[in-house]
file run.pdb (PDB, C-alpha atoms and all ligand atoms)
ATOM      1  CA  MET Y   1       0.000   0.000   0.000
ATOM      2  CA  ILE Y   2       1.341   3.416  -0.907
ATOM      3  CA  ILE Y   3      -1.250   5.309   1.158
ATOM      4  CA  GLU Y   4      -2.851   4.001   4.358
ATOM      5  CA  ILE Y   5      -5.265   6.295   6.139
ATOM      6  CA  SER Y   6      -6.991   5.140   9.323
ATOM      7  CA  ASN Y   7      -9.636   6.930  11.367
ATOM      8  CA  LEU Y   8      -8.623  10.344  10.156
ATOM      9  CA  HIS Y   9     -10.369  13.349  11.720
ATOM     10  CA  LYS Y  10     -10.085  17.036  10.929
ATOM     11  CA  SER Y  11     -12.420  19.832  11.993
ATOM     12  CA  PHE Y  12     -12.415  23.534  11.302
ATOM     13  CA  LYS Y  13     -14.283  24.951  14.318
ATOM     14  CA  ASP Y  14     -17.613  23.108  14.182
ATOM     15  CA  VAL Y  15     -17.214  21.851  10.595
ATOM     16  CA  LYS Y  16     -16.157  18.212  10.477
ATOM     17  CA  ALA Y  17     -14.222  18.414   7.214
ATOM     18  CA  VAL Y  18     -12.913  14.836   7.536
ATOM     19  CA  ASP Y  19     -14.862  12.519   9.788
ATOM     20  CA  ASP Y  20     -13.365   9.149  10.726
ATOM     21  CA  LEU Y  21     -12.022   8.423   7.269
ATOM     22  CA  SER Y  22     -10.128   5.214   6.469
ATOM     23  CA  PHE Y  23      -8.944   3.940   3.081
ATOM     24  CA  CYS Y  24      -5.899   2.575   1.262
ATOM     25  CA  VAL Y  25      -4.311   3.187  -2.120
ATOM     26  CA  LYS Y  26      -2.304   0.423  -3.804
ATOM     27  CA  GLU Y  27       0.968   1.020  -5.535
ATOM     28  CA  GLY Y  28       0.623   1.692  -9.272
ATOM     29  CA  GLU Y  29      -3.102   2.203  -9.287
ATOM     30  CA  LEU Y  30      -5.206   5.069 -10.571
ATOM     31  CA  PHE Y  31      -7.216   6.065  -7.550
ATOM     32  CA  ALA Y  32     -10.201   8.411  -7.793
ATOM     33  CA  PHE Y  33     -11.461  10.346  -4.795
ATOM     34  CA  LEU Y  34     -14.979  11.635  -5.431
ATOM     35  CA  GLY Y  35     -17.254  14.043  -3.659
ATOM     36  CA  VAL Y  36     -19.188  17.265  -4.197
ATOM     37  CA  ASN Y  37     -17.696  20.636  -3.262
ATOM     38  CA  GLY Y  38     -16.993  20.739   0.455
ATOM     39  CA  ALA Y  39     -16.930  16.946   0.872
ATOM     40  CA  GLY Y  40     -13.407  17.068   2.353
ATOM     41  CA  LYS Y  41     -11.242  16.005  -0.594
ATOM     42  CA  SER Y  42      -8.729  18.859  -0.519
ATOM     43  CA  THR Y  43      -8.497  18.703   3.272
ATOM     44  CA  THR Y  44      -7.579  15.000   3.048
ATOM     45  CA  ILE Y  45      -4.999  15.716   0.340
ATOM     46  CA  ASN Y  46      -3.456  18.542   2.338
ATOM     47  CA  ILE Y  47      -3.131  16.268   5.356
ATOM     48  CA  LEU Y  48      -1.609  13.355   3.488
ATOM     49  CA  SER Y  49       0.915  15.579   1.792
ATOM     50  CA  GLY Y  50       2.019  17.002   5.140
ATOM     51  CA  ILE Y  51       0.741  20.539   4.552
ATOM     52  CA  LEU Y  52      -2.123  20.575   7.040
ATOM     53  CA  PRO Y  53      -2.014  19.064  10.565
ATOM     54  CA  LYS Y  54      -4.698  16.484  11.362
ATOM     55  CA  ASP Y  55      -6.692  16.272  14.591
ATOM     56  CA  SER Y  56      -6.341  12.504  14.986
ATOM     57  CA  GLY Y  57      -5.904   9.252  13.103
ATOM     58  CA  SER Y  58      -2.981   7.705  11.302
ATOM     59  CA  VAL Y  59      -1.614   8.553   7.857
ATOM     60  CA  ILE Y  60       1.131   6.492   6.220
ATOM     61  CA  VAL Y  61       2.384   7.555   2.792
ATOM     62  CA  CYS Y  62       5.109   5.653   0.894
ATOM     63  CA  GLY Y  63       5.718   3.646   4.048
ATOM     64  CA  GLU Y  64       6.427   6.769   6.103
ATOM     65  CA  ASN Y  65       4.298   8.081   8.947
ATOM     66  CA  ILE Y  66       3.531  11.738   8.215
ATOM     67  CA  ASP Y  67       3.728  12.587  11.924
ATOM     68  CA  LYS Y  68       7.386  11.676  12.027
ATOM     69  CA  GLN Y  69       8.606  11.781   8.440
ATOM     70  CA  ALA Y  70       6.719  14.662   6.816
ATOM     71  CA  ASP Y  71       9.834  15.864   4.957
ATOM     72  CA  GLU Y  72      10.555  12.397   3.600
ATOM     73  CA  VAL Y  73       6.946  12.093   2.397
ATOM     74  CA  LYS Y  74       7.150  15.474   0.663
ATOM     75  CA  LEU Y  75      10.170  14.261  -1.317
ATOM     76  CA  ARG Y  76       8.341  11.204  -2.555
ATOM     77  CA  LEU Y  77       5.103  12.713  -3.739
ATOM     78  CA  GLY Y  78       4.238  15.359  -6.295
ATOM     79  CA  ILE Y  79       1.098  17.403  -5.980
ATOM     80  CA  VAL Y  80      -0.981  19.495  -8.324
ATOM     81  CA  PHE Y  81      -3.108  21.757  -6.161
ATOM     82  CA  GLN Y  82      -6.659  22.720  -6.989
ATOM     83  CA  ALA Y  83      -5.567  26.373  -7.184
ATOM     84  CA  SER Y  84      -2.280  26.765  -9.014
ATOM     85  CA  VAL Y  85       0.690  27.647  -6.787
ATOM     86  CA  LEU Y  86       2.889  28.909  -9.622
ATOM     87  CA  ASP Y  87       4.436  32.351  -9.446
ATOM     88  CA  LYS Y  88       2.576  34.324 -12.119
ATOM     89  CA  ARG Y  89       5.275  36.974 -12.499
ATOM     90  CA  LEU Y  90       7.931  34.442 -13.429
ATOM     91  CA  SER Y  91       8.321  32.549 -16.676
ATOM     92  CA  ALA Y  92       7.305  28.905 -16.793
ATOM     93  CA  TYR Y  93      11.009  28.028 -17.031
ATOM     94  CA  ASP Y  94      11.927  30.001 -13.897
ATOM     95  CA  ASN Y  95       9.028  28.480 -11.987
ATOM     96  CA  LEU Y  96      10.284  24.994 -12.783
ATOM     97  CA  LYS Y  97      13.906  25.905 -12.151
ATOM     98  CA  SER Y  98      13.250  27.307  -8.683
ATOM     99  CA  ARG Y  99      11.088  24.316  -7.829
ATOM    100  CA  ALA Y 100      13.802  21.905  -8.955
ATOM    101  CA  ALA Y 101      16.394  23.806  -6.902
ATOM    102  CA  LEU Y 102      14.373  23.024  -3.763
ATOM    103  CA  TYR Y 103      15.101  19.349  -4.432
ATOM    104  CA  GLY Y 104      18.763  19.983  -5.235
ATOM    105  CA  ILE Y 105      18.213  19.524  -8.973
ATOM    106  CA  SER Y 106      20.215  22.061 -11.007
ATOM    107  CA  GLY Y 107      22.616  22.414 -13.936
ATOM    108  CA  GLU Y 108      22.808  19.424 -16.292
ATOM    109  CA  LYS Y 109      20.476  17.411 -14.082
ATOM    110  CA  PHE Y 110      17.767  20.048 -14.395
ATOM    111  CA  LYS Y 111      18.306  20.343 -18.142
ATOM    112  CA  LYS Y 112      17.872  16.594 -18.552
ATOM    113  CA  ARG Y 113      14.726  16.514 -16.417
ATOM    114  CA  LEU Y 114      13.268  19.488 -18.276
ATOM    115  CA  GLY Y 115      13.881  17.648 -21.556
ATOM    116  CA  GLU Y 116      11.935  14.638 -20.250
ATOM    117  CA  LEU Y 117       9.074  16.813 -19.031
ATOM    118  CA  ASP Y 118       8.992  18.656 -22.343
ATOM    119  CA  LYS Y 119       8.684  15.363 -24.181
ATOM    120  CA  LEU Y 120       5.851  14.288 -21.917
ATOM    121  CA  LEU Y 121       3.934  17.560 -21.716
ATOM    122  CA  GLY Y 122       5.002  19.585 -24.757
ATOM    123  CA  LEU Y 123       6.421  22.607 -22.930
ATOM    124  CA  ASN Y 124       8.869  24.023 -25.438
ATOM    125  CA  ASP Y 125       6.720  26.834 -26.820
ATOM    126  CA  ILE Y 126       5.591  28.080 -23.448
ATOM    127  CA  LEU Y 127       8.714  27.834 -21.273
ATOM    128  CA  LYS Y 128      10.025  31.340 -21.813
ATOM    129  CA  ARG Y 129       6.720  33.102 -21.444
ATOM    130  CA  PRO Y 130       5.549  34.658 -18.177
ATOM    131  CA  LEU Y 131       2.912  32.581 -16.461
ATOM    132  CA  CYS Y 132       0.369  35.399 -16.572
ATOM    133  CA  LYS Y 133       0.445  35.244 -20.391
ATOM    134  CA  LEU Y 134      -0.428  31.541 -20.579
ATOM    135  CA  SER Y 135      -3.882  30.052 -21.081
ATOM    136  CA  GLY Y 136      -5.473  27.944 -18.357
ATOM    137  CA  GLY Y 137      -4.564  24.754 -20.177
ATOM    138  CA  GLN Y 138      -0.938  25.785 -20.713
ATOM    139  CA  ARG Y 139      -0.643  26.718 -17.057
ATOM    140  CA  ARG Y 140      -2.041  23.355 -16.037
ATOM    141  CA  ARG Y 141       0.724  21.639 -18.015
ATOM    142  CA  ILE Y 142       3.291  23.658 -16.074
ATOM    143  CA  ASP Y 143       1.500  22.768 -12.798
ATOM    144  CA  ILE Y 144       1.928  19.101 -13.676
ATOM    145  CA  ALA Y 145       5.574  19.579 -14.698
ATOM    146  CA  ARG Y 146       6.200  21.297 -11.366
ATOM    147  CA  ALA Y 147       4.701  18.359  -9.487
ATOM    148  CA  LEU Y 148       6.846  15.893 -11.437
ATOM    149  CA  VAL Y 149      10.145  17.750 -11.448
ATOM    150  CA  HIS Y 150      11.712  15.580  -8.693
ATOM    151  CA  ASP Y 151      10.421  12.321 -10.175
ATOM    152  CA  PRO Y 152       7.984  11.351  -7.388
ATOM    153  CA  GLU Y 153       6.543   7.866  -6.787
ATOM    154  CA  LEU Y 154       3.079   9.200  -6.146
ATOM    155  CA  LEU Y 155       1.307  11.951  -8.066
ATOM    156  CA  ILE Y 156      -1.631  13.657  -6.392
ATOM    157  CA  LEU Y 157      -3.901  15.812  -8.528
ATOM    158  CA  ASP Y 158      -6.666  17.842  -6.921
ATOM    159  CA  GLU Y 159      -9.328  18.390  -9.594
ATOM    160  CA  PRO Y 160      -6.758  18.535 -12.397
ATOM    161  CA  THR Y 161      -9.340  18.842 -15.147
ATOM    162  CA  THR Y 162     -11.997  21.044 -13.554
ATOM    163  CA  GLY Y 163     -12.788  24.021 -15.749
ATOM    164  CA  LEU Y 164     -10.466  22.939 -18.567
ATOM    165  CA  ASP Y 165     -11.468  22.781 -22.204
ATOM    166  CA  PRO Y 166     -11.981  19.251 -23.575
ATOM    167  CA  GLN Y 167      -8.704  19.391 -25.504
ATOM    168  CA  THR Y 168      -6.606  20.137 -22.412
ATOM    169  CA  ARG Y 169      -8.543  17.552 -20.421
ATOM    170  CA  ALA Y 170      -7.521  15.029 -23.037
ATOM    171  CA  VAL Y 171      -3.866  16.127 -22.719
ATOM    172  CA  VAL Y 172      -3.984  15.701 -18.938
ATOM    173  CA  TRP Y 173      -5.406  12.229 -19.364
ATOM    174  CA  ARG Y 174      -2.849  11.216 -21.963
ATOM    175  CA  VAL Y 175      -0.054  12.333 -19.629
ATOM    176  CA  ILE Y 176      -1.508  10.412 -16.705
ATOM    177  CA  GLU Y 177      -1.765   7.282 -18.849
ATOM    178  CA  GLU Y 178       1.799   7.646 -20.135
ATOM    179  CA  LEU Y 179       3.230   8.109 -16.655
ATOM    180  CA  ARG Y 180       1.425   5.075 -15.395
ATOM    181  CA  LYS Y 181       2.504   2.909 -18.314
ATOM    182  CA  SER Y 182       6.116   4.027 -18.527
ATOM    183  CA  GLN Y 183       6.928   4.299 -14.815
ATOM    184  CA  GLY Y 184       4.134   2.574 -12.943
ATOM    185  CA  LEU Y 185       3.450   5.851 -11.190
ATOM    186  CA  THR Y 186       0.639   5.810  -8.642
ATOM    187  CA  VAL Y 187      -1.931   8.505  -9.413
ATOM    188  CA  PHE Y 188      -4.364   9.821  -6.819
ATOM    189  CA  LEU Y 189      -6.891  12.263  -8.200
ATOM    190  CA  THR Y 190     -10.063  14.010  -7.237
ATOM    191  CA  THR Y 191     -12.625  14.780  -9.858
ATOM    192  CA  HIS Y 192     -16.280  15.392 -10.259
ATOM    193  CA  TYR Y 193     -16.329  14.224 -13.856
ATOM    194  CA  MET Y 194     -17.847  10.797 -13.484
ATOM    195  CA  GLU Y 195     -16.626   9.543 -16.843
ATOM    196  CA  GLU Y 196     -13.085  10.109 -15.521
ATOM    197  CA  ALA Y 197     -13.845   8.183 -12.352
ATOM    198  CA  ALA Y 198     -14.995   5.277 -14.502
ATOM    199  CA  ASN Y 199     -11.378   4.869 -15.741
ATOM    200  CA  ALA Y 200     -10.011   4.476 -12.230
ATOM    201  CA  ASP Y 201      -8.807   1.196 -10.722
ATOM    202  CA  TYR Y 202     -10.363   2.051  -7.398
ATOM    203  CA  VAL Y 203     -12.815   4.693  -6.199
ATOM    204  CA  VAL Y 204     -13.655   6.163  -2.800
ATOM    205  CA  ILE Y 205     -16.730   8.374  -2.525
ATOM    206  CA  LEU Y 206     -16.754  10.980   0.200
ATOM    207  CA  ASP Y 207     -19.767  12.884   1.496
ATOM    208  CA  ALA Y 208     -19.601  15.467   4.298
ATOM    209  CA  GLY Y 209     -16.207  14.141   5.400
ATOM    210  CA  LYS Y 210     -17.342  10.521   5.583
ATOM    211  CA  LYS Y 211     -16.626   7.635   3.243
ATOM    212  CA  VAL Y 212     -19.963   6.521   1.807
ATOM    213  CA  ALA Y 213     -18.764   3.922  -0.732
ATOM    214  CA  GLU Y 214     -15.623   2.359  -2.136
ATOM    215  CA  GLY Y 215     -14.691  -0.234  -4.727
ATOM    216  CA  THR Y 216     -13.708  -0.700  -8.338
ATOM    217  CA  PRO Y 217     -16.001   1.119 -10.791
ATOM    218  CA  HIS Y 218     -17.410  -2.275 -11.783
ATOM    219  CA  GLU Y 219     -18.146  -3.232  -8.171
ATOM    220  CA  LEU Y 220     -19.764   0.126  -7.448
ATOM    221  CA  LYS Y 221     -21.894  -0.028 -10.572
ATOM    222  CA  SER Y 222     -23.034  -3.555  -9.760
ATOM    223  CA  LEU Y 223     -23.874  -2.600  -6.187
ATOM    224  CA  TYR Y 224     -25.465   0.808  -6.623
ATOM    225  CA  ALA Y 225     -26.438   1.473 -10.211
ATOM    226  CA  ALA Y 226     -29.447  -0.248 -11.688
ATOM    227  CA  ASP Y 227     -29.236  -1.305 -15.318
ATOM    228  CA  ILE Y 228     -32.053  -0.297 -17.629
ATOM    229  CA  VAL Y 229     -33.858  -2.293 -20.279
ATOM    230  CA  ARG Y 230     -35.359   0.165 -22.755
ATOM    231  CA  LEU Y 231     -38.172  -1.173 -24.896
ATOM    232  CA  TYR Y 232     -39.266   0.625 -28.043
ATOM    233  CA  SER Y 233     -42.158  -1.638 -28.925
ATOM    234  CA  HIS Y 234     -45.397  -2.876 -27.297
ATOM    235  CA  LEU Y 235     -45.175  -0.007 -24.823
ATOM    236  CA  GLU Y 236     -48.521  -0.408 -23.115
ATOM    237  CA  GLU Y 237     -48.247  -4.167 -22.665
ATOM    238  CA  ALA Y 238     -44.686  -3.881 -21.436
ATOM    239  CA  GLU Y 239     -45.560  -1.182 -18.924
ATOM    240  CA  ASP Y 240     -48.483  -3.150 -17.485
ATOM    241  CA  LEU Y 241     -46.659  -6.444 -17.373
ATOM    242  CA  PHE Y 242     -43.432  -5.274 -15.761
ATOM    243  CA  ARG Y 243     -45.260  -3.091 -13.296
ATOM    244  CA  SER Y 244     -47.391  -6.025 -12.250
ATOM    245  CA  LEU Y 245     -44.229  -8.084 -11.814
ATOM    246  CA  GLY Y 246     -42.950  -5.477  -9.346
ATOM    247  CA  TYR Y 247     -40.328  -3.760 -11.491
ATOM    248  CA  SER Y 248     -39.758  -0.059 -11.381
ATOM    249  CA  VAL Y 249     -41.033   1.141 -14.754
ATOM    250  CA  CYS Y 250     -40.893   4.517 -16.423
ATOM    251  CA  ARG Y 251     -42.953   5.173 -19.548
ATOM    252  CA  GLU Y 252     -41.807   7.971 -21.812
ATOM    253  CA  ARG Y 253     -42.832   9.026 -25.299
ATOM    254  CA  GLY Y 254     -41.596   6.284 -27.556
ATOM    255  CA  TYR Y 255     -40.092   3.930 -25.008
ATOM    256  CA  VAL Y 256     -40.491   2.179 -21.661
ATOM    257  CA  ASP Y 257     -37.577   1.904 -19.224
ATOM    258  CA  VAL Y 258     -37.529  -1.051 -16.869
ATOM    259  CA  GLU Y 259     -35.030  -0.872 -14.026
ATOM    260  CA  ILE Y 260     -33.272  -4.194 -13.508
ATOM    261  CA  LYS Y 261     -30.571  -5.548 -11.255
ATOM    262  CA  GLY Y 262     -27.811  -6.890 -13.446
ATOM    263  CA  THR Y 263     -27.523  -8.253 -16.948
ATOM    264  CA  ARG Y 264     -28.707 -11.703 -15.886
ATOM    265  CA  THR Y 265     -32.152 -10.280 -15.131
ATOM    266  CA  ALA Y 266     -32.243  -8.692 -18.588
ATOM    267  CA  THR Y 267     -31.493 -12.046 -20.232
ATOM    268  CA  GLN Y 268     -34.234 -13.655 -18.188
ATOM    269  CA  LEU Y 269     -36.818 -11.010 -19.086
ATOM    270  CA  ILE Y 270     -35.970 -11.194 -22.768
ATOM    271  CA  THR Y 271     -36.252 -14.965 -22.807
ATOM    272  CA  GLU Y 272     -39.485 -15.118 -20.819
ATOM    273  CA  HIS Y 273     -41.265 -12.274 -22.617
ATOM    274  CA  SER Y 274     -39.712 -12.416 -26.048
ATOM    275  CA  GLU Y 275     -42.995 -11.250 -27.646
ATOM    276  CA  LEU Y 276     -42.414  -7.767 -26.156
ATOM    277  CA  PHE Y 277     -38.783  -7.502 -27.196
ATOM    278  CA  ASP Y 278     -38.958  -6.615 -30.888
ATOM    279  CA  ASP Y 279     -36.835  -3.535 -30.447
ATOM    280  CA  TYR Y 280     -34.882  -2.832 -27.248
ATOM    281  CA  GLU Y 281     -31.525  -2.031 -25.700
ATOM    282  CA  VAL Y 282     -29.897  -2.838 -22.366
ATOM    283  CA  MET Y 283     -28.021   0.024 -20.735
ATOM    284  CA  LYS Y 284     -25.447  -0.377 -18.007
ATOM    285  CA  GLY Y 285     -25.802   1.832 -14.957
ATOM    286  CA  ASN Y 286     -22.957   4.369 -14.907
ATOM    287  CA  MET Y 287     -20.881   6.149 -12.272
ATOM    288  CA  ASP Y 288     -23.284   9.101 -12.312
ATOM    289  CA  SER Y 289     -26.056   6.887 -11.031
ATOM    290  CA  VAL Y 290     -23.699   5.349  -8.457
ATOM    291  CA  PHE Y 291     -22.826   8.799  -7.153
ATOM    292  CA  LEU Y 292     -26.454   9.912  -7.032
ATOM    293  CA  ARG Y 293     -27.451   6.728  -5.236
ATOM    294  CA  VAL Y 294     -24.775   6.849  -2.504
ATOM    295  CA  THR Y 295     -24.746  10.594  -1.818
ATOM    296  CA  GLY Y 296     -28.256  11.608  -2.857
ATOM    297  CA  LYS Y 297     -26.552  14.394  -4.820
ATOM    298  CA  ASP Y 298     -26.297  14.895  -8.533
ATOM    299  CA  VAL Y 299     -22.648  15.566  -9.216
ATOM    300  CA  ARG Y 300     -23.503  17.571 -12.345
ATOM    301  CA  GLU Y 301     -25.325  20.178 -10.299
ATOM    302  CA  VAL Y 302     -22.315  21.176  -8.193
TER     303      VAL Y 302
HETATM  304  P1  LIG U 401     -13.538  19.637  -1.186
HETATM  305  O1  LIG U 401     -12.104  19.712  -1.573
HETATM  306  O2  LIG U 401     -14.083  18.247  -1.229
HETATM  307  O3  LIG U 401     -14.384  20.590  -1.958
HETATM  308  P2  LIG U 401     -12.628  20.792   1.313
HETATM  309  O4  LIG U 401     -11.709  19.794   1.894
HETATM  310  O5  LIG U 401     -12.023  21.968   0.651
HETATM  311  O6  LIG U 401     -13.672  20.078   0.359
HETATM  312  O7  LIG U 401     -13.579  21.358   2.453
HETATM  313  C1  LIG U 401     -14.260  20.514   3.394
HETATM  314  C2  LIG U 401     -15.020  21.369   4.399
HETATM  315  O8  LIG U 401     -14.084  22.041   5.252
HETATM  316  C3  LIG U 401     -15.868  22.461   3.786
HETATM  317  O9  LIG U 401     -17.016  22.614   4.576
HETATM  318  C4  LIG U 401     -14.973  23.680   3.876
HETATM  319  O10 LIG U 401     -15.752  24.864   3.922
HETATM  320  C5  LIG U 401     -14.219  23.441   5.163
HETATM  321  N1  LIG U 401     -12.855  24.024   5.142
HETATM  322  C6  LIG U 401     -11.844  23.640   4.341
HETATM  323  N2  LIG U 401     -10.714  24.328   4.598
HETATM  324  C7  LIG U 401     -11.029  25.201   5.604
HETATM  325  C8  LIG U 401     -10.286  26.200   6.340
HETATM  326  N3  LIG U 401      -9.019  26.424   6.089
HETATM  327  N4  LIG U 401     -10.959  26.871   7.296
HETATM  328  C9  LIG U 401     -12.249  26.625   7.569
HETATM  329  N5  LIG U 401     -13.001  25.699   6.936
HETATM  330  C10 LIG U 401     -12.408  25.000   5.961
HETATM  331 MG    MG U 402     -11.215  20.763  -3.111
END
call {"tool": "encode", "arguments": {"input": "run.pdb", "output": "structure tokens"}}
result
Amino acid sequence: MIIEISNLHKSFKDVKAVDDLSFCVKEGELFAFLGVNGAGKSTTINILSGILPKDSGSVIVCGENIDKQADEVKLRLGIVFQASVLDKRLSAYDNLKSRAALYGISGEKFKKRLGELDKLLGLNDILKRPLCKLSGGQRRRIDIARALVHDPELLILDEPTTGLDPQTRAVVWRVIEELRKSQGLTVFLTTHYMEEAANADYVVILDAGKKVAEGTPHELKSLYAADIVRLYSHLEEAEDLFRSLGYSVCRERGYVDVEIKGTRTATQLITEHSELFDDYEVMKGNMDSVFLRVTGKDVREV
């Protein structure tokens, strides 16, 4: 395990930002930490990266206890904060150079590392320009380069794609994939784009500081998201029949949705009532419906 958090608590006055939170992250995995605004994601990240003191609980990162080895932990992880921490007056190059110097990386060593980061992130055109002249997407690439400059084992990204245009979101995702493939880097990210969470190896959902669900996307979808059989024919008969059989049914113009639990049920319905299934499709529940089910909140509205 590269992160082990047990019974973590953190309050700001009477706000329980993190409330008895426990979870683990495995080495090499893409871990997604989900929750609406104010759920406690950034607070957890700030604690596990040694920036914010906790009230109680235990936090072990890269085998080091953050109470005793905060400096060691900081060397081994890279973090992209929700709000950029770059110096806007400086050029992208100078931002990276001063960051690298903090880790004792300078001269030829810095040049070599910058070359690698350029190859990964495409920085060449933007390095000499002052940060304040860069677009949001360009700045985000420099944020990521900054987090990676000392070649960490664990990359933490706090909402790395929020507010970005689709093109830059795609760049961020390509970079994450490349880093994972080429170096087996562990990536911990928060997001409220559910289609991103669906790519993760493991997901923890947080609500008001508490863990409300965890598992692989497949496990979560099987547990919490109903599948839908959508029938486009024999609407009236289908509605009456499936309602009488106790299914949750929703009739719309042109189709009837029947909520089912798992693909096996769909197969069974199709076989037993084949006369109603002239034209239909089976739709898998997605991470949006998982999130709505476990938090009662629609992630798209926040
Ligand atoms: P998220 O990152 O999931 O949006 P945060 O961890 O930023 O959530 O916030 C969790 C809760 O803690 C929120 O209610 C927020 O208002 C509160 N909070 C976070 N940081 C502070 C702080 N420095 N002082 C007071 N309250 C805070
Ligand atoms: Mg946050």
call {"tool": "residues_near_ligand", "arguments": {"input": "run.pdb", "ligand": "ligand MG 402 (chain U)", "cutoff": "12 Å", "atoms": "all atoms listed in the file", "output": "PyMOL selection string"}}
result
chain Y and resi 17+33-46+80-83+157-160+162+189-192+206+209
call {"tool": "residues_around", "arguments": {"input": "run.pdb", "residues": "Glu72 (chain Y)", "least_positions_apart": "4", "cutoff": "12 Å", "atoms": "only C-alpha atoms", "output": "JSON, numbers by chain"}}
result
{"Y": [49, 50, 60, 61, 62, 63, 64, 65, 66, 67, 68, 76, 77, 103, 152]}
call {"tool": "closest_residue", "arguments": {"input": "run.pdb", "among": "Y:Leu276, Y:Val149, Y:Ile156, Y:Ile47", "to": "Lys109 (chain Y)", "atoms": "all atoms listed in the file"}}
result
Y:Val149
call {"tool": "resolve_selection", "arguments": {"input": "run.pdb", "expression": "the PyMOL selection byres (((chain Y and resi 134) around 12) and not hetatm)", "output": "list in words"}}
result
Leu86, Lys88, Arg89, Leu90, Ser91, Ala92, Leu123, Asp125, Ile126, Leu127, Lys128, Arg129, Pro130, Leu131, Cys132, Lys133, Ser135, Gly136, Gly137, Gln138, Arg139, Arg140, Arg141, Ile142 and Asp143 of chain Y
call {"tool": "closest_residue", "arguments": {"input": "run.pdb", "among": "Y:Ala208, Y:Gly163, Y:Thr186, Y:Leu148", "to": "ligand LIG 401 (chain U)", "atoms": "all atoms listed in the file"}}
result
Y:Ala208
call {"tool": "closest_residue", "arguments": {"input": "run.pdb", "among": "Y:Cys250, Y:Leu96, Y:Leu235, Y:Leu154", "to": "Asp278 (chain Y)", "atoms": "all atoms listed in the file"}}
result
Y:Leu235
call {"tool": "atom_distance", "arguments": {"input": "run.pdb", "atom1": "CA of Gly285 (chain Y)", "atom2": "CA of Thr216 (chain Y)"}}
result
14.0 Å
call {"tool": "build_atoms", "arguments": {"input": "run.pdb", "residues": "region 127-138 of chain Y", "atoms": "N, CA, C and O atoms", "output": "PDB file, keeping the file's coordinate frame"}}
result
ATOM      1  N   LEU Y 127       7.772  27.736 -22.397  1.00  0.00           N
ATOM      2  CA  LEU Y 127       8.714  27.834 -21.273  1.00  0.00           C
ATOM      3  C   LEU Y 127       9.188  29.255 -20.975  1.00  0.00           C
ATOM      4  O   LEU Y 127       9.327  29.638 -19.815  1.00  0.00           O
ATOM      5  N   LYS Y 128       9.416  30.009 -22.016  1.00  0.00           N
ATOM      6  CA  LYS Y 128      10.025  31.340 -21.813  1.00  0.00           C
ATOM      7  C   LYS Y 128       8.998  32.416 -21.493  1.00  0.00           C
ATOM      8  O   LYS Y 128       9.340  33.551 -21.187  1.00  0.00           O
ATOM      9  N   ARG Y 129       7.733  32.063 -21.617  1.00  0.00           N
ATOM     10  CA  ARG Y 129       6.720  33.102 -21.444  1.00  0.00           C
ATOM     11  C   ARG Y 129       6.329  33.252 -19.973  1.00  0.00           C
ATOM     12  O   ARG Y 129       6.328  32.282 -19.220  1.00  0.00           O
ATOM     13  N   PRO Y 130       5.992  34.489 -19.564  1.00  0.00           N
ATOM     14  CA  PRO Y 130       5.549  34.658 -18.177  1.00  0.00           C
ATOM     15  C   PRO Y 130       4.233  33.911 -17.963  1.00  0.00           C
ATOM     16  O   PRO Y 130       3.400  33.849 -18.875  1.00  0.00           O
ATOM     17  N   LEU Y 131       4.094  33.380 -16.782  1.00  0.00           N
ATOM     18  CA  LEU Y 131       2.912  32.581 -16.461  1.00  0.00           C
ATOM     19  C   LEU Y 131       1.610  33.330 -16.732  1.00  0.00           C
ATOM     20  O   LEU Y 131       0.651  32.748 -17.238  1.00  0.00           O
ATOM     21  N   CYS Y 132       1.612  34.632 -16.436  1.00  0.00           N
ATOM     22  CA  CYS Y 132       0.369  35.399 -16.572  1.00  0.00           C
ATOM     23  C   CYS Y 132      -0.081  35.515 -18.033  1.00  0.00           C
ATOM     24  O   CYS Y 132      -1.229  35.848 -18.301  1.00  0.00           O
ATOM     25  N   LYS Y 133       0.812  35.170 -18.970  1.00  0.00           N
ATOM     26  CA  LYS Y 133       0.445  35.244 -20.391  1.00  0.00           C
ATOM     27  C   LYS Y 133      -0.043  33.890 -20.924  1.00  0.00           C
ATOM     28  O   LYS Y 133      -0.395  33.786 -22.098  1.00  0.00           O
ATOM     29  N   LEU Y 134      -0.038  32.879 -20.095  1.00  0.00           N
ATOM     30  CA  LEU Y 134      -0.428  31.541 -20.579  1.00  0.00           C
ATOM     31  C   LEU Y 134      -1.921  31.295 -20.389  1.00  0.00           C
ATOM     32  O   LEU Y 134      -2.535  31.847 -19.478  1.00  0.00           O
ATOM     33  N   SER Y 135      -2.469  30.438 -21.244  1.00  0.00           N
ATOM     34  CA  SER Y 135      -3.882  30.052 -21.081  1.00  0.00           C
ATOM     35  C   SER Y 135      -4.001  29.082 -19.905  1.00  0.00           C
ATOM     36  O   SER Y 135      -2.995  28.546 -19.429  1.00  0.00           O
ATOM     37  N   GLY Y 136      -5.232  28.865 -19.468  1.00  0.00           N
ATOM     38  CA  GLY Y 136      -5.473  27.944 -18.357  1.00  0.00           C
ATOM     39  C   GLY Y 136      -4.886  26.567 -18.612  1.00  0.00           C
ATOM     40  O   GLY Y 136      -4.287  25.948 -17.727  1.00  0.00           O
ATOM     41  N   GLY Y 137      -5.051  26.090 -19.833  1.00  0.00           N
ATOM     42  CA  GLY Y 137      -4.564  24.754 -20.177  1.00  0.00           C
ATOM     43  C   GLY Y 137      -3.042  24.683 -20.187  1.00  0.00           C
ATOM     44  O   GLY Y 137      -2.455  23.699 -19.737  1.00  0.00           O
ATOM     45  N   GLN Y 138      -2.411  25.746 -20.690  1.00  0.00           N
ATOM     46  CA  GLN Y 138      -0.938  25.785 -20.713  1.00  0.00           C
ATOM     47  C   GLN Y 138      -0.401  25.817 -19.282  1.00  0.00           C
ATOM     48  O   GLN Y 138       0.558  25.136 -18.941  1.00  0.00           O
TER      49      GLN Y 138
END
